[in-house]
file final15.csv (CSV, C-alpha atoms)
chain,number,residue,atom,x,y,z
A,1,MET,CA,88.6,248.7,-16.9
A,2,VAL,CA,89.8,245.1,-16.8
A,3,LYS,CA,87.3,242.6,-15.4
A,4,ALA,CA,88.4,239.5,-13.6
A,5,ARG,CA,87.4,236.3,-15.2
A,6,LYS,CA,84.8,234.1,-13.4
A,7,SER,CA,84.6,230.4,-13.4
A,8,ALA,CA,81.7,228.8,-15.3
A,9,GLY,CA,80.2,227.2,-12.1
A,10,ALA,CA,80.3,230.4,-9.8
A,11,PRO,CA,76.9,232.0,-8.9
A,12,GLU,CA,76.1,235.5,-10.1
A,13,LEU,CA,75.1,236.8,-6.5
A,14,VAL,CA,76.9,236.5,-3.1
A,15,PHE,CA,73.7,236.1,-1.1
A,16,ARG,CA,70.5,234.1,-2.0
A,17,TRP,CA,67.9,236.9,-2.2
A,18,GLY,CA,65.1,234.7,-3.4
A,19,ALA,CA,62.7,232.4,-1.5
A,20,SER,CA,64.4,229.5,0.4
A,21,ASN,CA,63.1,225.9,0.9
A,22,THR,CA,63.5,226.0,4.8
A,23,PRO,CA,60.3,224.8,6.6
A,24,LEU,CA,58.2,227.3,8.6
A,25,PHE,CA,57.4,225.2,11.7
A,26,PRO,CA,60.7,225.6,13.5
A,27,LYS,CA,60.4,229.4,13.3
A,28,LEU,CA,56.9,229.4,14.7
A,29,PHE,CA,57.9,227.0,17.5
A,30,ALA,CA,60.7,229.3,18.6
A,31,MET,CA,58.5,232.4,18.6
A,32,VAL,CA,55.8,230.6,20.6
A,33,PHE,CA,58.4,229.3,23.2
A,34,VAL,CA,59.9,232.8,23.7
A,35,ALA,CA,56.5,234.4,24.1
A,36,ALA,CA,55.4,231.8,26.7
A,37,ALA,CA,58.5,232.2,28.7
A,38,PHE,CA,58.1,236.0,28.7
A,39,ALA,CA,54.5,235.7,29.9
A,40,PHE,CA,55.4,233.3,32.6
A,41,LEU,CA,58.1,235.6,34.0
A,42,ILE,CA,55.8,238.6,34.0
A,43,GLY,CA,53.0,236.7,35.8
A,44,SER,CA,55.2,235.0,38.4
A,45,VAL,CA,57.9,237.5,39.4
A,46,ARG,CA,56.7,240.2,41.9
A,47,ILE,CA,58.9,243.2,43.0
A,48,ARG,CA,57.9,244.8,46.3
A,49,VAL,CA,58.3,248.5,46.3
A,50,THR,CA,58.0,250.2,49.7
A,51,ALA,CA,58.0,253.9,50.5
A,52,LEU,CA,61.0,255.3,52.3
A,53,GLU,CA,60.4,256.0,56.0
A,54,LYS,CA,61.5,259.3,57.4
A,55,SER,CA,64.6,258.9,59.4
A,56,SER,CA,64.7,260.3,62.9
A,57,LEU,CA,66.9,263.4,63.5
A,58,GLN,CA,69.9,262.8,65.7
A,59,LYS,CA,69.7,265.0,68.7
A,60,ALA,CA,71.9,265.5,71.8
A,61,ALA,CA,71.7,267.4,75.1
A,62,VAL,CA,74.5,269.3,76.6
A,63,ILE,CA,74.6,270.1,80.3
A,64,TYR,CA,77.0,272.9,81.4
A,65,LEU,CA,78.3,272.4,85.0
A,66,ARG,CA,79.9,275.3,86.9
A,67,ASP,CA,83.1,274.9,88.9
A,68,ASP,CA,81.4,274.6,92.3
A,69,PRO,CA,80.9,271.6,94.7
A,70,GLU,CA,77.6,270.7,93.2
A,71,GLY,CA,79.0,270.9,89.6
A,72,ARG,CA,82.1,268.8,90.6
A,73,ALA,CA,79.9,266.2,92.2
A,74,LEU,CA,77.7,265.9,89.1
A,75,THR,CA,80.8,265.7,86.9
A,76,LEU,CA,82.2,262.8,89.0
A,77,ARG,CA,78.9,261.0,88.8
A,78,ALA,CA,78.7,261.4,85.1
A,79,ARG,CA,82.2,260.1,84.6
A,80,GLU,CA,81.5,257.1,86.8
A,81,GLY,CA,78.1,256.2,85.3
A,82,GLY,CA,78.9,257.0,81.7
A,83,PRO,CA,79.7,254.5,79.0
A,84,PHE,CA,83.4,255.4,79.0
A,85,PRO,CA,85.1,254.8,82.4
A,86,SER,CA,87.4,257.5,83.6
A,87,ARG,CA,91.1,256.9,83.5
A,88,PHE,CA,92.9,256.7,86.8
A,89,GLU,CA,95.6,259.4,87.1
A,90,PRO,CA,98.0,258.8,90.0
A,91,THR,CA,99.1,262.4,90.1
A,92,GLN,CA,95.5,263.5,90.8
A,93,TRP,CA,95.0,261.2,93.7
A,94,GLU,CA,94.9,263.0,97.1
A,95,GLY,CA,97.1,260.4,98.8
A,96,MET,CA,99.8,260.5,96.2
A,97,ALA,CA,101.7,263.3,97.9
A,98,GLY,CA,101.9,261.4,101.2
A,99,LEU,CA,102.9,258.2,99.5
A,100,GLU,CA,105.7,259.9,97.6
A,101,SER,CA,106.9,261.6,100.8
A,102,ALA,CA,107.0,258.3,102.6
A,103,ALA,CA,108.9,256.6,99.8
A,104,LEU,CA,111.5,259.4,99.7
A,105,ASP,CA,111.9,259.3,103.5
A,106,ALA,CA,112.4,255.5,103.3
A,107,VAL,CA,115.3,255.8,100.8
A,108,ARG,CA,116.8,259.0,102.2
A,109,PHE,CA,120.0,258.8,104.2
A,110,GLN,CA,119.3,259.9,107.8
A,111,PRO,CA,122.5,260.3,109.8
A,112,GLN,CA,122.5,259.9,113.5
A,113,PRO,CA,121.9,263.2,115.3
A,114,TYR,CA,125.1,264.8,116.6
A,115,VAL,CA,125.1,265.1,120.4
A,116,PRO,CA,128.1,267.2,121.6
A,117,ALA,CA,129.9,265.9,124.7
A,118,LEU,CA,129.8,268.3,127.6
A,119,ALA,CA,133.1,269.3,129.2
A,120,ASP,CA,133.6,270.6,132.7
A,121,LEU,CA,134.7,274.2,133.1
A,122,PRO,CA,138.1,275.0,134.7
A,123,ALA,CA,137.9,275.4,138.4
A,124,GLY,CA,139.9,278.7,138.5
A,125,ASN,CA,138.2,282.0,137.7
A,126,ARG,CA,140.3,283.5,134.8
A,127,VAL,CA,138.3,286.7,134.6
A,128,GLN,CA,140.3,289.5,136.2
A,129,PRO,CA,138.3,291.7,138.5
A,130,LEU,CA,137.8,295.3,137.4
A,131,GLU,CA,139.5,298.0,139.3
A,132,LEU,CA,137.0,300.6,140.4
A,133,ALA,CA,138.1,304.1,141.4
A,134,ALA,CA,137.3,305.4,144.8
A,135,LYS,CA,134.6,308.0,145.3
A,136,GLY,CA,136.0,311.5,144.5
A,137,GLN,CA,139.2,310.3,142.8
A,138,SER,CA,140.0,310.3,139.1
A,139,PHE,CA,141.2,307.2,137.4
A,140,PHE,CA,143.1,307.3,134.1
A,141,PRO,CA,144.5,304.3,132.2
A,142,LYS,CA,148.2,303.7,132.1
A,143,ARG,CA,150.0,305.1,129.1
A,144,SER,CA,152.1,302.6,127.1
A,145,PRO,CA,155.6,303.9,126.3
A,146,ALA,CA,156.3,304.8,122.7
A,147,SER,CA,157.9,302.1,120.6
A,148,GLY,CA,160.5,304.3,119.0
A,149,PRO,CA,161.8,307.9,119.0
A,150,ALA,CA,159.4,310.5,117.8
A,151,PRO,CA,160.3,312.0,114.3
A,152,GLU,CA,162.0,315.3,114.4
A,153,SER,CA,159.7,317.7,112.5
A,154,ALA,CA,162.6,320.2,112.2
A,155,LYS,CA,164.5,317.9,109.8
A,156,LEU,CA,161.5,317.3,107.4
A,157,LYS,CA,160.9,319.3,104.3
A,158,LEU,CA,158.2,319.4,101.6
A,159,ALA,CA,159.5,318.0,98.3
A,160,PRO,CA,157.9,316.9,95.1
A,161,ALA,CA,157.4,313.2,94.3
A,162,LEU,CA,156.5,311.5,91.0
A,163,TYR,CA,153.7,309.0,90.2
A,164,SER,CA,152.8,307.6,86.9
A,165,LEU,CA,149.6,308.4,84.9
A,166,SER,CA,150.1,307.0,81.4
A,167,GLY,CA,152.8,305.7,79.2
A,168,ILE,CA,155.1,304.6,82.0
A,169,SER,CA,154.8,302.2,84.9
A,170,ALA,CA,155.5,302.9,88.5
A,171,ALA,CA,158.4,300.4,88.5
A,172,THR,CA,160.3,302.3,85.8
A,173,LEU,CA,160.1,305.7,87.5
A,174,PRO,CA,163.5,307.1,88.6
A,175,GLU,CA,164.3,306.4,92.2
A,176,ALA,CA,166.7,309.3,92.7
A,177,LEU,CA,165.1,312.7,92.1
A,178,PRO,CA,167.0,316.0,91.9
A,179,PRO,CA,166.5,318.5,94.8
A,180,PHE,CA,163.7,321.0,94.5
A,181,GLU,CA,165.4,324.4,95.2
A,182,ALA,CA,162.3,326.6,94.7
A,183,PRO,CA,160.3,327.6,97.8
A,184,VAL,CA,157.1,325.7,98.4
A,185,ALA,CA,154.5,328.1,99.6
A,186,GLY,CA,150.8,328.9,99.2
A,187,ALA,CA,148.4,326.3,97.6
A,188,MET,CA,151.3,324.7,95.7
A,189,PRO,CA,151.5,321.5,97.9
A,190,SER,CA,147.7,321.0,97.9
A,191,ALA,CA,147.2,321.5,94.1
A,192,SER,CA,146.9,318.6,91.6
A,193,TRP,CA,149.8,318.7,89.3
A,194,ARG,CA,149.8,316.7,86.0
A,195,PHE,CA,152.3,317.1,83.2
A,196,LEU,CA,152.6,315.7,79.6
A,197,VAL,CA,156.4,315.0,79.1
A,198,ARG,CA,158.2,314.2,75.9
A,199,LEU,CA,161.4,312.1,76.5
A,200,ASN,CA,164.6,312.0,74.5
A,201,PRO,CA,166.2,308.7,73.4
A,202,ASP,CA,168.6,308.8,76.4
A,203,GLY,CA,165.7,309.4,78.9
A,204,GLY,CA,166.0,313.1,79.3
A,205,VAL,CA,163.1,315.5,79.2
A,206,ALA,CA,162.9,317.4,76.0
A,207,GLU,CA,159.5,319.1,76.6
A,208,CYS,CA,156.8,319.2,79.2
A,209,VAL,CA,153.4,320.7,79.2
A,210,SER,CA,151.2,321.3,82.2
A,211,LEU,CA,147.7,319.8,82.0
A,212,GLU,CA,146.3,322.2,84.7
A,213,LYS,CA,145.0,325.7,84.3
A,214,GLY,CA,147.5,328.2,82.8
A,215,GLY,CA,149.2,330.7,85.1
A,216,GLU,CA,149.2,328.6,88.2
A,217,ALA,CA,151.9,329.6,90.7
A,218,GLY,CA,154.7,327.1,90.8
A,219,THR,CA,154.3,325.8,87.2
A,220,PRO,CA,157.7,327.2,85.9
A,221,GLU,CA,159.5,325.9,88.9
A,222,LEU,CA,158.1,322.4,88.5
A,223,GLU,CA,158.8,322.4,84.7
A,224,ALA,CA,162.4,323.3,85.4
A,225,TRP,CA,162.6,320.5,88.0
A,226,LEU,CA,161.2,318.0,85.5
A,227,HIS,CA,163.9,318.9,83.0
A,228,LYS,CA,166.5,317.8,85.5
A,229,ILE,CA,165.1,314.2,85.8
A,230,ARG,CA,166.6,311.3,83.9
A,231,PHE,CA,164.1,308.6,83.0
A,232,LYS,CA,165.0,305.0,81.9
A,233,PRO,CA,165.7,304.9,78.2
A,234,GLU,CA,163.9,302.5,75.9
A,235,LEU,CA,165.6,301.2,72.7
A,236,GLY,CA,163.6,301.5,69.5
A,237,LYS,CA,161.6,304.5,70.8
A,238,PRO,CA,163.6,307.7,70.0
A,239,PHE,CA,160.9,310.0,71.2
A,240,ARG,CA,157.9,309.0,73.4
A,241,TRP,CA,155.3,310.9,75.4
A,242,ILE,CA,154.3,310.0,79.0
A,243,ALA,CA,152.0,311.6,81.6
A,244,VAL,CA,153.1,312.0,85.2
A,245,GLY,CA,151.7,313.5,88.3
A,246,ILE,CA,153.5,315.4,91.0
A,247,GLY,CA,152.6,315.4,94.7
A,248,PHE,CA,154.3,316.9,97.7
A,249,THR,CA,155.4,314.8,100.7
A,250,ASN,CA,157.5,315.5,103.8
A,251,GLN,CA,161.0,314.1,103.2
A,252,PRO,CA,164.0,314.2,105.5
A,253,VAL,CA,166.7,316.7,104.8
A,254,ALA,CA,170.2,315.3,104.6
A,255,ASP,CA,172.1,318.6,105.2
A,256,GLY,CA,170.2,319.9,108.3
A,257,PRO,CA,166.9,321.6,109.0
A,258,ASP,CA,165.0,323.8,106.6
A,259,ALA,CA,166.6,327.2,106.5
A,260,ARG,CA,163.3,328.9,105.6
call {"tool": "encode", "arguments": {"input": "final15.csv", "output": "structure tokens"}}
result
Amino acid sequence: MVKARKSAGAPELVFRWGASNTPLFPKLFAMVFVAAAFAFLIGSVRIRVTALEKSSLQKAAVIYLRDDPEGRALTLRAREGGPFPSRFEPTQWEGMAGLESAALDAVRFQPQPYVPALADLPAGNRVQPLELAAKGQSFFPKRSPASGPAPESAKLKLAPALYSLSGISAATLPEALPPFEAPVAGAMPSASWRFLVRLNPDGGVAECVSLEKGGEAGTPELEAWLHKIRFKPELGKPFRWIAVGIGFTNQPVADGPDAR
């Protein structure tokens, strides 16, 4: 190892471990001063240590009042005499309803009462006296004459008429119907007749199917009559289905009375 060179005047040790030439009196004076100050503080300072007193428990009393006149009186007394004054509520005041009604009456529009003017009755008595029949005699009201000639029942005949059910309106039904040559007898006029009809492009009947029970009397005659009817054609619909009903009404006969 390489040792660093030291100067000729440098000491051999860093600290002076041997006896020093400092006097002893300053050290003793400092120790005596500190001891005297400590003894003075211990003898003069007094710390009072007192025992903890037991704190009183916090208690409260609760009084339950029932909803009766006595309970309500005590409640009002407690609110008035308590540390917290009760808050005034105008809606709970007994005179609030009367005051509100008076204020509304003051601002409400009150029209003058209507007093109708009295008019005198006419002097003449317009009530016609009743004609009473004499005792033992019958009295009948007068018959008013007929307004027109009575219809001649001999020139009326039962004939079928069409009414629409579905697929066609009442305004587009044909006005002129072919004559019904078959006899109308039995329950045929009172029955409900409904037919499903398929129309051609020109409005003719291509096919018709009865929607009633099969085998009813008069069904073939009505189907043959429907094939003679021409309905109004509709462009763009080559074939269409409609539903019609047939009812019987008395219609006048142009060529004389019914021969049956």
call {"tool": "closest_residue", "arguments": {"input": "final15.csv", "among": "A:Gly81, A:Gly43, A:Gly203, A:Pro252", "to": "Leu156 in chain A", "atoms": "all atoms listed in the file"}}
result
A:Pro252
call {"tool": "residues_around", "arguments": {"input": "final15.csv", "residues": "Glu223 in chain A", "least_positions_apart": "5", "cutoff": "12 Å", "atoms": "all atoms listed in the file", "output": "list of chain:residue names"}}
result
A:Pro160, A:Phe180, A:Ala182, A:Trp193, A:Arg194, A:Phe195, A:Leu196, A:Val197, A:Val205, A:Ala206, A:Glu207, A:Cys208, A:Val209, A:Ser210, A:Leu211, A:Glu216, A:Ala217, A:Gly218, A:Lys228, A:Ile229, A:Val244, A:Gly245, A:Ile246
call {"tool": "write_last_selection", "arguments": {"input": "final15.csv", "atoms": "C-alpha atoms", "output": "PDB file, in the coordinates of the input"}}
result
ATOM      1  CA  PRO A 160     157.900 316.900  95.100  1.00  0.00           C
ATOM      2  CA  PHE A 180     163.700 321.000  94.500  1.00  0.00           C
ATOM      3  CA  ALA A 182     162.300 326.600  94.700  1.00  0.00           C
ATOM      4  CA  TRP A 193     149.800 318.700  89.300  1.00  0.00           C
ATOM      5  CA  ARG A 194     149.800 316.700  86.000  1.00  0.00           C
ATOM      6  CA  PHE A 195     152.300 317.100  83.200  1.00  0.00           C
ATOM      7  CA  LEU A 196     152.600 315.700  79.600  1.00  0.00           C
ATOM      8  CA  VAL A 197     156.400 315.000  79.100  1.00  0.00           C
ATOM      9  CA  VAL A 205     163.100 315.500  79.200  1.00  0.00           C
ATOM     10  CA  ALA A 206     162.900 317.400  76.000  1.00  0.00           C
ATOM     11  CA  GLU A 207     159.500 319.100  76.600  1.00  0.00           C
ATOM     12  CA  CYS A 208     156.800 319.200  79.200  1.00  0.00           C
ATOM     13  CA  VAL A 209     153.400 320.700  79.200  1.00  0.00           C
ATOM     14  CA  SER A 210     151.200 321.300  82.200  1.00  0.00           C
ATOM     15  CA  LEU A 211     147.700 319.800  82.000  1.00  0.00           C
ATOM     16  CA  GLU A 216     149.200 328.600  88.200  1.00  0.00           C
ATOM     17  CA  ALA A 217     151.900 329.600  90.700  1.00  0.00           C
ATOM     18  CA  GLY A 218     154.700 327.100  90.800  1.00  0.00           C
ATOM     19  CA  LYS A 228     166.500 317.800  85.500  1.00  0.00           C
ATOM     20  CA  ILE A 229     165.100 314.200  85.800  1.00  0.00           C
ATOM     21  CA  VAL A 244     153.100 312.000  85.200  1.00  0.00           C
ATOM     22  CA  GLY A 245     151.700 313.500  88.300  1.00  0.00           C
ATOM     23  CA  ILE A 246     153.500 315.400  91.000  1.00  0.00           C
TER      24      ILE A 246
END
call {"tool": "atom_distance", "arguments": {"input": "final15.csv", "atom1": "CA of Ile42 in chain A", "atom2": "CA of Ala30 in chain A"}}
result
18.6 Å
call {"tool": "closest_residue", "arguments": {"input": "final15.csv", "among": "A:Ala117, A:Leu199, A:Ala170, A:Leu222", "to": "Val184 in chain A", "atoms": "only C-alpha atoms"}}
result
A:Leu222
